[in-house]
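Student: Dropping the structure in here first, questions after.
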Amino acid sequence: MTVQATAQTDETRTRSLIAGRVVVLVAIVLSALTLRTAVTSLTPLLDEIGHDVGFDSAVVGLFGMLPTAMFAVSGILTPRLTRRFGLEVVVLTAMVMTAVGLAVRPAMSGTAALLVFSALALGGMGIGNVVVPPLVKRYFPDRIGAVSTVYILCVQIGTTMPALVAVPLADAYDWRVSLGVWALLPVAAALPWLSVLAARRGRSADDTAIAAGAEPAGRVWRSPVAWGMAGMFGMTSLITYSMFTWIPKILTEAGASAGFGGSMVALFSAVGFIAALGAPSLCIRIANPYPVVVACGVSYLIGFAGLLWAPMSAPILWIVAVGLGPSTFPMALTLINLRTRTAAGSAALSGFTQGLGYAVACVGPLMFGVLHDVTGGWTWPFALLLCAVCVVMIAGRVACKPRFLEDSWHSHSAERGTHHTP
């Protein structure tokens with residue numbers, strides 16, 4: 001009788017665990033779908049919004065810089081928040097911030113207010129960027145590759161769809177409806193996180209205590225793993241957000257329509273599906289995936305050359321080539337978990353990589369636009385991106401080397417202890 005009761009109890013626990021992981025997976029999927037909507041729902045409409053609200057190309061550059069700036073701030077602050085409140089509370093807060101920002105900003109009639117509520121939504125998305133990788137490591141340590149693929153694929157869907165439908169929605173209704181409809185996604189994402197928090201009631205205090213006692217995030221900057229990751233991630237983001245912001249302008253100046261420019265932004269995002277499906281598996285299966293980084297660099301060069309010298313001769317080819325370059329983005333997100341031993345290490349590396357990476361990347365869209373305004377052409381803006389590709393190649397070599405962040409923390413501690421022993 002006792003054995004039977006024990007077996008039934010074990011079966012109940014197993015079913016509860018499986019059900020809990022399903023809810024977490026749904027929450028991760030819905031959260032991932034929200035993490036770029038504030039960006040790609042806006043950029044195809046910036047000209048129309050600028051005419052309506054009243055701002056010039058300098059403000060367009062500011063809107064292009066805002067996502068990476070807010071993601072950088074979030075990357076710096078989020079590890080501290082997760083140590084204090086726990087991953088689940090922080091990700092729920094991120095979804096609420098995103099929902100409020102996305103819902104309110106279309107109602108604003110001034111540039112400043114539009115920027116403020118865009119910043120609120122982007123801040124929530126930035127927090128989500130940081131906390132989702134350690135959540136994957138916490139709940140799916142045995143399925144990191146598969147769940148990372150699903151998560152990154154959903155980020156790509158959430159990147160592509162807003163860009164694809166932004167102009168048609170604005171034409172059918174107006175730009176305010178086109179922007180506001182995306183607030184539904186973070187609301188949907190918040191619901192399963194509420195369920196997860198309820199299920200973890202009683203364990204949250206223990207989790208917070210464990211997180212507080214984990215390796216301090218301040219040691220991350222001493223690790224070459226972290227610097228390699230930040231360099232690869234940051235320069236990939238600089239290139240990506242420059243393209244998100246300026247692809248429409250590059251093509252319209254070459255004679256394309258605004259609708260075609262928006263569809264090319266969507267294509268640029270859609271090419272990321274290939275990387276989202278393949279990059280995590282490659283990182284899992286190949287000890288050192290640096291050859292993939294080299295291939296990305298070559299792809300960038302082909303696309304940049306085409307967009308600079310013959311943009312309308314084969315625009316789809318050039319956009320596909322440039323779109324394959326940021327395969328280093330899903331690689332970095334996967335390596336955050338593969339180069340760490342613990343959820344605490346993953347959270348620390350995720351925060352450092354995205355905080356520093358986005359801080360550097362935020363100048364990309366702005367400087368790309370400034371160089372265009374100053375020179376009247378696209379040669380110097382693309383020279384900026386070429387420099388970024390060089391950094392990706394160098395930093396990627398460091399990031400891809402198979403080793404763990406925590407080991408470099410410990411080795412530095414040991415070196416300091418040895419050096420200071422009398």
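Residue numbering restarts at 1 for every chain of the structure tokens, chains are lettered A, B, ... in their displayed order, and ligands are numbered from 1 as they appear.
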Please identify all polymer residues within 8 Å of range 25-39 of chain A, counting only C-alpha atoms, omitting same-chain residues fewer than 6 positions from it, and present them as a ChimeraX atom specification.
Tutor: /A:67,95,102,118,121-122,125-126,128-129,132,150-152,154-159,162,179,182,185-186,188-193
Student: Set the distance at 12 Å and use only C-alpha atoms: which residues neighbour Met108 in chain A once local chain neighbours fewer than 4 positions away are removed? I'd like the list as number ranges by chain.
Tutor: A: 49, 52-53, 101-104, 112-118, 175-176, 179-180
Student: Tell me which of A:Pro365, A:Pro326, A:Pro106, A:Gly61 sits closest to Phe233 in chain A, counting only C-alpha atoms.
Tutor: A:Pro326
Student: Please measure the separation of CA of His51 in chain A and CA of Ser237 in chain A, giving the value in Å to one decimal.
Tutor: 28.2 Å
Student: Which residue is closest to Gln354 in chain A? Choose from A:Ala332, A:Val293, A:Val389, A:Leu135 and count only C-alpha atoms.
Tutor: A:Ala332
Student: Of the residues A:Leu371, A:Leu197, A:Leu164, A:Ala343, which is the one nearest to Phe140 in chain A, using only C-alpha atoms?
Tutor: A:Ala343
Student: Name all residues at most 9 Å from Trp378 in chain A (count only C-alpha atoms; drop same-chain ones fewer than 4 positions away) and give them as a list in words.
Tutor: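 Here the qualifying residues turn out to be Ile250, Leu308, Phe368, Leu371, His372, Phe382 and Ala383 of chain A.
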Student: Could the residues in this selection be saved with C-alpha atoms as a CSV table (one decimal), in the first residue's frame?
Tutor:
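Output contents, as saved in out.csv:
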chain,number,residue,atom,x,y,z
A,250,ILE,CA,18.4,53.6,-48.7
A,308,LEU,CA,26.0,50.7,-51.7
A,368,PHE,CA,24.7,56.1,-39.8
A,371,LEU,CA,27.3,60.4,-41.8
A,372,HIS,CA,24.7,60.3,-44.5
A,382,PHE,CA,28.6,51.6,-44.8
A,383,ALA,CA,32.3,52.2,-43.9
Student: For CA of Met235 in chain A and CA of Gly355 in chain A, quote the distance in Å rounded to one decimal.
Tutor: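 A separation of 12.6 Å between them.
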Student: Could you work out how far CA of Pro280 in chain A lies from CA of Phe85 in chain A, giving the answer in Å with one decimal?
Tutor: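 We find that CA of Phe85 in chain A and CA of Pro280 in chain A lie 29.2 Å from each other.
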Student: Could you tell me which of A:Ala347, A:Ile144, A:Val130, A:Ala295 comes closest to Val73 in chain A if we count only C-alpha atoms?
Tutor: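 Checking each of A:Ala347, A:Ile144, A:Val130, A:Ala295 against Val73 in chain A, counting only C-alpha atoms, the winner is A:Val130.
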Student: Can you pull out every residue within 10 Å of range 384-386 of chain A, counting only C-alpha atoms, but drop anything in the same chain fewer than 3 positions away, and send it as an NGL selection string?
Tutor: :A and (235-236 or 238-240 or 242-243 or 297 or 300-301 or 304 or 364 or 367-368 or 371 or 379-381 or 389-392)
Student: Between A:Val89, A:Ala69, A:Val60, A:Leu169, which has the minimum distance to Leu120 in chain A (counting only C-alpha atoms)?
Tutor: A:Ala69
Student: Point out the residue among A:Leu66, A:Leu87, A:Leu333, A:Thr40 with the least atom-to-atom distance to Ala230 in chain A, counting only C-alpha atoms.
Tutor: A:Leu333
